[in-house]
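Listing of protein_22.pdb; format and content: PDB, C-alpha atoms.
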```
ATOM      1  CA  MET H1033      38.043  23.667 -29.713
ATOM      2  CA  THR H1034      37.400  27.294 -30.154
ATOM      3  CA  PHE H1035      35.512  29.010 -32.932
ATOM      4  CA  VAL H1036      35.101  32.680 -32.312
ATOM      5  CA  GLY H1037      35.103  36.134 -33.875
ATOM      6  CA  VAL H1038      33.792  35.572 -37.403
ATOM      7  CA  GLU H1039      32.673  38.598 -39.386
ATOM      8  CA  LYS H1040      32.130  36.961 -42.765
ATOM      9  CA  ALA H1041      29.240  34.540 -43.162
ATOM     10  CA  ASN H1042      31.234  32.396 -45.570
ATOM     11  CA  ALA H1043      34.203  32.018 -43.219
ATOM     12  CA  GLN H1044      33.921  28.388 -42.143
ATOM     13  CA  THR H1045      36.195  26.830 -39.565
ATOM     14  CA  LEU H1046      36.435  23.204 -38.565
ATOM     15  CA  ALA H1047      38.321  21.815 -35.591
ATOM     16  CA  LEU H1048      39.237  18.208 -34.759
ATOM     17  CA  ARG H1049      39.999  17.037 -31.238
ATOM     18  CA  ASN H1050      41.144  13.972 -29.339
ATOM     19  CA  ASN H1051      40.422  13.392 -25.627
ATOM     20  CA  LEU H1052      43.602  11.972 -24.081
ATOM     21  CA  LEU H1053      41.784  10.798 -20.921
ATOM     22  CA  TYR H1054      39.325   8.834 -23.059
ATOM     23  CA  ASP H1055      42.325   7.329 -24.905
ATOM     24  CA  ALA H1056      43.589   6.146 -21.508
ATOM     25  CA  THR H1057      40.529   3.850 -21.260
ATOM     26  CA  LEU H1058      41.794   2.204 -24.488
ATOM     27  CA  THR H1059      39.030   3.943 -26.442
ATOM     28  CA  PRO H1060      40.117   5.705 -29.651
ATOM     29  CA  ASN H1061      38.051   8.851 -30.079
ATOM     30  CA  ILE H1062      37.658  11.914 -32.226
ATOM     31  CA  GLY H1063      35.585  15.059 -32.070
ATOM     32  CA  ALA H1064      34.683  17.528 -34.797
ATOM     33  CA  GLU H1065      33.396  21.052 -34.251
ATOM     34  CA  LEU H1066      32.045  23.660 -36.644
ATOM     35  CA  ARG H1067      31.898  27.362 -35.894
ATOM     36  CA  ILE H1068      28.385  28.843 -36.091
ATOM     37  CA  ASP H1069      29.137  32.486 -35.213
ATOM     38  CA  SER H1070      31.464  34.585 -33.057
ATOM     39  CA  ALA H1071      30.780  32.613 -29.877
ATOM     40  CA  TRP H1072      28.828  29.427 -30.704
ATOM     41  CA  THR H1073      29.866  26.078 -32.163
ATOM     42  CA  ALA H1074      28.195  22.751 -32.884
ATOM     43  CA  GLY H1075      30.002  19.449 -32.885
ATOM     44  CA  VAL H1076      30.021  15.734 -32.249
ATOM     45  CA  ASN H1077      32.318  13.374 -30.328
ATOM     46  CA  ILE H1078      32.681   9.686 -31.198
ATOM     47  CA  GLY H1079      34.432   6.900 -29.283
ATOM     48  CA  LEU H1080      34.790   3.188 -30.075
ATOM     49  CA  ASN H1081      36.218   0.350 -27.984
ATOM     50  CA  ALA H1082      35.684  -2.902 -29.890
ATOM     51  CA  TRP H1083      37.902  -5.391 -28.063
ATOM     52  CA  ASP H1084      38.146  -7.269 -24.761
ATOM     53  CA  ILE H1085      40.520  -6.015 -22.064
ATOM     54  CA  ASP H1086      41.322  -9.610 -21.012
ATOM     55  CA  LYS H1087      39.670 -12.303 -23.106
ATOM     56  CA  SER H1088      40.599 -15.162 -20.738
ATOM     57  CA  LYS H1089      38.626 -13.489 -17.923
ATOM     58  CA  ASN H1090      35.919 -12.079 -20.214
ATOM     59  CA  LYS H1091      36.940  -8.638 -18.954
ATOM     60  CA  LYS H1092      35.554  -6.026 -21.310
ATOM     61  CA  TRP H1093      34.767  -2.367 -21.788
ATOM     62  CA  ARG H1094      33.306  -2.588 -25.279
ATOM     63  CA  HIS H1095      31.182   0.338 -26.358
ATOM     64  CA  PHE H1096      30.319   2.774 -29.105
ATOM     65  CA  LEU H1097      29.567   6.344 -28.049
ATOM     66  CA  ILE H1098      28.284   9.331 -29.993
ATOM     67  CA  ALA H1099      27.704  12.725 -28.373
ATOM     68  CA  PRO H1100      26.467  15.746 -30.351
ATOM     69  CA  ASN H1101      27.092  19.034 -28.553
ATOM     70  CA  ILE H1102      26.910  22.807 -28.648
ATOM     71  CA  ARG H1103      29.389  25.210 -27.066
ATOM     72  CA  ARG H1104      29.343  28.823 -25.960
ATOM     73  CA  TYR H1105      32.743  30.510 -25.654
ATOM     74  CA  PHE H1106      33.601  33.373 -23.281
ATOM     75  CA  GLY H1107      36.513  35.714 -22.665
ATOM     76  CA  HIS H1108      37.294  36.765 -26.229
ATOM     77  CA  LYS H1109      36.950  39.861 -28.375
ATOM     78  CA  SER H1110      35.102  39.800 -31.672
ATOM     79  CA  ASP H1111      35.470  43.390 -32.887
ATOM     80  CA  LYS H1112      38.466  42.805 -35.163
ATOM     81  CA  PRO H1113      38.429  41.350 -38.666
ATOM     82  CA  ALA H1114      39.221  37.649 -39.019
ATOM     83  CA  SER H1115      42.407  38.507 -40.949
ATOM     84  CA  SER H1116      44.011  39.844 -37.769
ATOM     85  CA  SER H1117      43.092  36.847 -35.686
ATOM     86  CA  LEU H1118      44.128  33.359 -34.768
ATOM     87  CA  TRP H1119      41.187  31.174 -35.818
ATOM     88  CA  GLY H1120      38.838  34.091 -35.337
ATOM     89  CA  ILE H1121      40.397  35.082 -32.002
ATOM     90  CA  PRO H1122      41.956  38.574 -32.213
ATOM     91  CA  ALA H1123      45.736  38.522 -32.000
ATOM     92  CA  ASP H1124      45.676  40.740 -28.909
ATOM     93  CA  ALA H1125      43.117  38.584 -27.085
ATOM     94  CA  SER H1126      43.983  36.496 -24.073
ATOM     95  CA  ARG H1127      45.887  33.277 -24.785
ATOM     96  CA  HIS H1128      43.086  31.290 -23.129
ATOM     97  CA  ILE H1129      39.302  31.287 -23.175
ATOM     98  CA  SER H1130      36.602  29.376 -21.345
ATOM     99  CA  TYR H1131      33.475  27.652 -22.588
ATOM    100  CA  LEU H1132      30.297  25.899 -21.544
ATOM    101  CA  GLU H1133      29.181  22.795 -23.417
ATOM    102  CA  LEU H1134      25.849  20.982 -23.495
ATOM    103  CA  ASP H1135      25.818  17.468 -24.910
ATOM    104  CA  ALA H1136      23.529  14.531 -25.574
ATOM    105  CA  ILE H1137      25.156  11.115 -25.204
ATOM    106  CA  PHE H1138      24.146   7.785 -26.702
ATOM    107  CA  SER H1139      26.115   4.592 -26.152
ATOM    108  CA  HIS H1140      25.707   0.917 -26.978
ATOM    109  CA  PHE H1141      27.773  -1.091 -24.487
ATOM    110  CA  ASN H1142      28.924  -4.578 -23.498
ATOM    111  CA  VAL H1143      30.914  -4.227 -20.265
ATOM    112  CA  GLY H1144      31.767  -6.575 -17.456
ATOM    113  CA  ASN H1145      34.279  -7.950 -14.945
ATOM    114  CA  THR H1146      35.781  -4.467 -14.853
ATOM    115  CA  LYS H1147      36.568  -2.199 -11.917
ATOM    116  CA  ILE H1148      35.808   1.489 -12.446
ATOM    117  CA  PRO H1149      37.827   4.059 -10.414
ATOM    118  CA  PHE H1150      36.282   5.740  -7.356
ATOM    119  CA  GLY H1151      33.885   2.836  -6.756
ATOM    120  CA  LEU H1152      31.616   3.818  -9.639
ATOM    121  CA  TYR H1153      29.254   1.245 -11.161
ATOM    122  CA  LYS H1154      30.136  -1.632  -8.831
ATOM    123  CA  SER H1155      27.583  -3.886 -10.547
ATOM    124  CA  ILE H1156      29.928  -4.483 -13.486
ATOM    125  CA  GLN H1157      32.697  -5.909 -11.297
ATOM    126  CA  ASP H1158      31.020  -9.332 -11.137
ATOM    127  CA  ARG H1159      28.421  -9.090 -13.893
ATOM    128  CA  ARG H1160      28.327  -8.376 -17.600
ATOM    129  CA  LEU H1161      25.852  -5.744 -18.784
ATOM    130  CA  GLN H1162      24.895  -5.391 -22.430
ATOM    131  CA  GLY H1163      22.586  -2.625 -23.558
ATOM    132  CA  ASP H1164      22.185   1.061 -24.345
ATOM    133  CA  LEU H1165      22.205   4.379 -22.531
ATOM    134  CA  PHE H1166      21.140   7.938 -23.167
ATOM    135  CA  ALA H1167      22.286  10.951 -21.147
ATOM    136  CA  LEU H1168      22.190  14.759 -21.137
ATOM    137  CA  GLY H1169      25.094  16.652 -19.663
ATOM    138  CA  GLY H1170      27.037  19.848 -19.303
ATOM    139  CA  LYS H1171      30.733  20.707 -19.037
ATOM    140  CA  TYR H1172      32.852  23.725 -18.218
ATOM    141  CA  GLY H1173      36.138  23.947 -20.065
ATOM    142  CA  TYR H1174      39.246  26.029 -20.523
ATOM    143  CA  SER H1175      41.061  26.335 -23.845
ATOM    144  CA  TRP H1176      44.697  27.401 -24.174
ATOM    145  CA  ILE H1177      45.809  28.813 -27.528
ATOM    146  CA  LEU H1178      49.135  27.169 -28.347
ATOM    147  CA  SER H1179      49.483  28.428 -31.930
ATOM    148  CA  ARG H1180      47.396  29.386 -34.920
ATOM    149  CA  ASP H1181      46.421  25.751 -35.499
ATOM    150  CA  TRP H1182      46.670  24.060 -32.087
ATOM    151  CA  ARG H1183      44.769  24.284 -28.778
ATOM    152  CA  LEU H1184      44.854  22.393 -25.495
ATOM    153  CA  GLU H1185      41.647  22.021 -23.463
ATOM    154  CA  ALA H1186      40.759  20.856 -19.975
ATOM    155  CA  GLU H1187      37.096  20.223 -19.173
ATOM    156  CA  ALA H1188      34.906  18.715 -16.464
ATOM    157  CA  GLY H1189      31.200  18.179 -16.036
ATOM    158  CA  ILE H1190      28.443  15.708 -15.318
ATOM    159  CA  ALA H1191      25.594  14.058 -17.189
ATOM    160  CA  ILE H1192      22.439  12.369 -15.984
ATOM    161  CA  GLY H1193      21.187   9.427 -17.955
ATOM    162  CA  TYR H1194      19.088   6.325 -18.271
ATOM    163  CA  ALA H1195      20.425   2.865 -19.195
ATOM    164  CA  TRP H1196      18.556  -0.299 -20.181
ATOM    165  CA  PHE H1197      20.409  -3.601 -20.426
ATOM    166  CA  LYS H1198      20.547  -7.376 -20.161
ATOM    167  CA  GLU H1199      22.544  -8.771 -17.253
ATOM    168  CA  TYR H1200      24.766 -11.866 -17.443
ATOM    169  CA  ASP H1201      27.281 -13.745 -15.345
ATOM    170  CA  CYS H1202      30.892 -12.909 -16.265
ATOM    171  CA  ASP H1203      31.633 -16.389 -17.676
ATOM    172  CA  HIS H1204      32.205 -16.555 -21.430
ATOM    173  CA  CYS H1205      28.624 -17.393 -22.312
ATOM    174  CA  GLY H1206      27.281 -16.235 -18.967
ATOM    175  CA  THR H1207      24.094 -17.093 -17.134
ATOM    176  CA  PHE H1208      21.323 -14.708 -18.125
ATOM    177  CA  TYR H1209      19.975 -12.959 -15.004
ATOM    178  CA  GLY H1210      17.334 -10.836 -16.671
ATOM    179  CA  LYS H1211      16.758  -7.321 -17.910
ATOM    180  CA  GLY H1212      17.352  -4.159 -15.957
ATOM    181  CA  ASP H1213      17.406  -0.408 -16.173
ATOM    182  CA  ARG H1214      18.604   2.455 -14.042
ATOM    183  CA  ILE H1215      19.118   6.187 -13.809
ATOM    184  CA  PHE H1216      22.770   7.137 -13.337
ATOM    185  CA  LEU H1217      25.209  10.031 -13.063
ATOM    186  CA  LEU H1218      28.123  10.078 -15.488
ATOM    187  CA  PRO H1219      31.229  12.179 -14.673
ATOM    188  CA  GLN H1220      32.725  13.839 -17.734
ATOM    189  CA  LEU H1221      36.433  14.713 -17.863
ATOM    190  CA  GLY H1222      38.659  15.651 -20.749
ATOM    191  CA  ILE H1223      42.156  16.744 -21.698
ATOM    192  CA  ASN H1224      41.741  17.548 -25.385
ATOM    193  CA  VAL H1225      44.336  18.179 -28.052
ATOM    194  CA  VAL H1226      42.707  20.279 -30.781
ATOM    195  CA  TYR H1227      43.738  20.936 -34.373
ATOM    196  CA  ILE H1228      42.053  23.776 -36.259
ATOM    197  CA  ILE H1229      41.437  23.544 -40.009
ATOM    198  CA  ASN H1230      41.023  27.035 -41.491
TER     199      ASN H1230
END
```
Please express the file's structure as structure tokens.
Amino acid sequence: MTFVGVEKANAQTLALRNNLLYDATLTPNIGAELRIDSAWTAGVNIGLNAWDIDKSKNKKWRHFLIAPNIRRYFGHKSDKPASSSLWGIPADASRHISYLELDAIFSHFNVGNTKIPFGLYKSIQDRRLQGDLFALGGKYGYSWILSRDWRLEAEAGIAIGYAWFKEYDCDHCGTFYGKGDRIFLLPQLGINVVYIIN
């Protein structure tokens, strides 16, 4: 999302986005972002996976995630009135801009018997973990202006967090192994389709 180049205090812009890579994990998600000024925005991303991947094997990736964020956009001009711009971006500006995003992530999860790519989080391949996590992260992104109302974004970053959970065997009820906690790194990737509401 991109909210830039506002000269009138009452000019509000809202953008909605969907992360296609997050969709690929079977997690419907939506983000909303509100322009603060010519370069800053505030927003929130929400994702929800409320079903088992394979119920017969108790294979699951259930979770609810909420991530408030702020963004700082770069590579745009803000010296022209909003009337000559595409969503606050001057018509003669570059067709792409970059941004930095800081986010706070909270998730309640119930995951288990699931293999994560690149060998990440091996403990959930033969265990079920149920608990919560909190993380702080940052991303760098690139936004392509497709039209007045549509953008495409690619972003990557990392977050560091802390998780606390109960650990079970992967069987349906599952033997309770005890409580645990850990510090972890969370890669953040996104291909976002963005719709701007002016």
TODO: For the structure shown, which residues end up in the PyMOL selection byres ((chain H and resi 1169) around 12)? Put them as a PyMOL selection string, please?
DONE: chain H and resi 1099-1102+1132-1138+1166-1168+1170-1172+1188-1193+1216-1221
Open item on the list: Which residues would end up in the selection if the PyMOL selection byres ((chain H and resi 1159) around 7) were applied here, given that I need the answer as a PyMOL selection string?
Closed with: chain H and resi 1144-1145+1155-1158+1160-1161+1199-1202
Open item on the list: Quick check on the file I pasted: which residues fall under the PyMOL selection byres ((chain H and resi 1079) around 8)? Write them as a ChimeraX atom specification.
Closed with: /H:1059-1062,1077-1078,1080-1081,1095-1098
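Residue nearest Trp1093 in chain H within the list H:Glu1065, H:Leu1046, H:Tyr1105, H:Phe1141: H:Phe1141 [criterion: smallest interatomic distance, only C-alpha atoms].
Of the residues under consideration (H:Ile1228, H:Asp1069, H:Leu1058, H:Val1076), H:Ile1228 shows the shortest atom-to-atom contact distance to Asp1181 in chain H when counting only C-alpha atoms.
We find CA of Phe1106 in chain H and CA of Thr1073 in chain H to be spaced 12.1 Å apart.
For the pair CA of Trp1176 in chain H and CA of Ile1068 in chain H, the separation is 20.3 Å.
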Task: Option closest in space to Ser1175 in chain H, from H:Arg1094, H:Arg1067, H:Lys1089, H:Arg1049 [counting only C-alpha atoms] - done: H:Arg1049
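Our summary of the geometry notes that CA of Ser1070 in chain H is positioned 23.1 Å from CA of Asn1050 in chain H.
Here the residues that fall within 8 Å of (40.4, 24.5, -25.4), using all atoms listed in the file, are given as Met1033, Thr1034, His1128, Ile1129, Ser1130, Gly1173, Tyr1174, Ser1175, Trp1176, Ile1177, Arg1183, Leu1184, Glu1185, Ala1186, Asn1224, Val1225 and Val1226 of chain H.
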For C-alpha atoms, I'd like the residues from the last selection saved as a JSON list (two decimals), in the frame of the given file.
```json
[["chain", "number", "residue", "atom", "x", "y", "z"],
["H", 1033, "MET", "CA", 38.04, 23.67, -29.71],
["H", 1034, "THR", "CA", 37.40, 27.29, -30.15],
["H", 1128, "HIS", "CA", 43.09, 31.29, -23.13],
["H", 1129, "ILE", "CA", 39.30, 31.29, -23.18],
["H", 1130, "SER", "CA", 36.60, 29.38, -21.34],
["H", 1173, "GLY", "CA", 36.14, 23.95, -20.07],
["H", 1174, "TYR", "CA", 39.25, 26.03, -20.52],
["H", 1175, "SER", "CA", 41.06, 26.34, -23.84],
["H", 1176, "TRP", "CA", 44.70, 27.40, -24.17],
["H", 1177, "ILE", "CA", 45.81, 28.81, -27.53],
["H", 1183, "ARG", "CA", 44.77, 24.28, -28.78],
["H", 1184, "LEU", "CA", 44.85, 22.39, -25.50],
["H", 1185, "GLU", "CA", 41.65, 22.02, -23.46],
["H", 1186, "ALA", "CA", 40.76, 20.86, -19.98],
["H", 1224, "ASN", "CA", 41.74, 17.55, -25.38],
["H", 1225, "VAL", "CA", 44.34, 18.18, -28.05],
["H", 1226, "VAL", "CA", 42.71, 20.28, -30.78]]
```
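Considering the residues H:Leu1066, H:Trp1072, H:Trp1182, H:Thr1057 and counting only C-alpha atoms, Thr1045 in chain H has its shortest atom-to-atom contact with H:Leu1066.
Minimum atom-to-atom distances from H:Ala1064, H:Ile1085, H:Leu1178, H:Leu1165 to Thr1146 in chain H were compared using all atoms listed in the file, and the lowest value belongs to H:Ile1085.
Counting all atoms listed in the file, the residue from H:Ile1223, H:Ala1082, H:Ile1229, H:Ile1215 that sits nearest to Glu1187 in chain H is H:Ile1223.
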Dump of range 1159-1176 of chain H from preceding block, N, CA and C atoms, as a compact mmCIF listing (two decimals), in the first residue's frame:
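Final output, saved to decode.txt:
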```txt
# COMPACT_ATOMS: atom_id res chain seq x y z
N ARG H 1159 5.32 -33.14 16.87
CA ARG H 1159 4.68 -32.67 18.08
C ARG H 1159 3.57 -31.69 17.70
N ARG H 1160 2.69 -31.44 18.64
CA ARG H 1160 1.68 -30.40 18.47
C ARG H 1160 1.93 -29.34 19.53
N LEU H 1161 2.06 -28.09 19.09
CA LEU H 1161 2.30 -26.98 20.00
C LEU H 1161 1.08 -26.05 20.00
N GLN H 1162 0.62 -25.70 21.18
CA GLN H 1162 -0.53 -24.82 21.30
C GLN H 1162 -0.17 -23.70 22.26
N GLY H 1163 -0.25 -22.46 21.77
CA GLY H 1163 0.14 -21.35 22.63
C GLY H 1163 0.05 -20.01 21.93
N ASP H 1164 0.93 -19.10 22.32
CA ASP H 1164 0.91 -17.73 21.82
C ASP H 1164 2.33 -17.28 21.51
N LEU H 1165 2.43 -16.27 20.66
CA LEU H 1165 3.73 -15.68 20.36
C LEU H 1165 3.60 -14.18 20.17
N PHE H 1166 4.70 -13.49 20.43
CA PHE H 1166 4.78 -12.06 20.19
C PHE H 1166 6.12 -11.79 19.52
N ALA H 1167 6.12 -10.95 18.49
CA ALA H 1167 7.36 -10.65 17.77
C ALA H 1167 7.37 -9.21 17.29
N LEU H 1168 8.58 -8.67 17.11
CA LEU H 1168 8.79 -7.35 16.52
C LEU H 1168 9.64 -7.54 15.27
N GLY H 1169 9.25 -6.89 14.18
CA GLY H 1169 9.98 -7.12 12.95
C GLY H 1169 10.04 -5.91 12.05
N GLY H 1170 10.79 -6.07 10.98
CA GLY H 1170 10.92 -5.03 9.97
C GLY H 1170 10.97 -5.63 8.58
N LYS H 1171 10.46 -4.89 7.60
CA LYS H 1171 10.43 -5.36 6.21
C LYS H 1171 10.84 -4.22 5.28
N TYR H 1172 11.44 -4.59 4.18
CA TYR H 1172 11.67 -3.67 3.07
C TYR H 1172 10.77 -4.10 1.93
N GLY H 1173 10.10 -3.15 1.31
CA GLY H 1173 9.19 -3.51 0.23
C GLY H 1173 9.28 -2.57 -0.95
N TYR H 1174 8.70 -3.05 -2.04
CA TYR H 1174 8.67 -2.32 -3.31
C TYR H 1174 7.23 -2.32 -3.79
N SER H 1175 6.72 -1.18 -4.18
CA SER H 1175 5.33 -1.06 -4.60
C SER H 1175 5.26 -0.55 -6.04
N TRP H 1176 4.59 -1.32 -6.90
CA TRP H 1176 4.40 -0.93 -8.28
C TRP H 1176 3.01 -0.35 -8.45
```
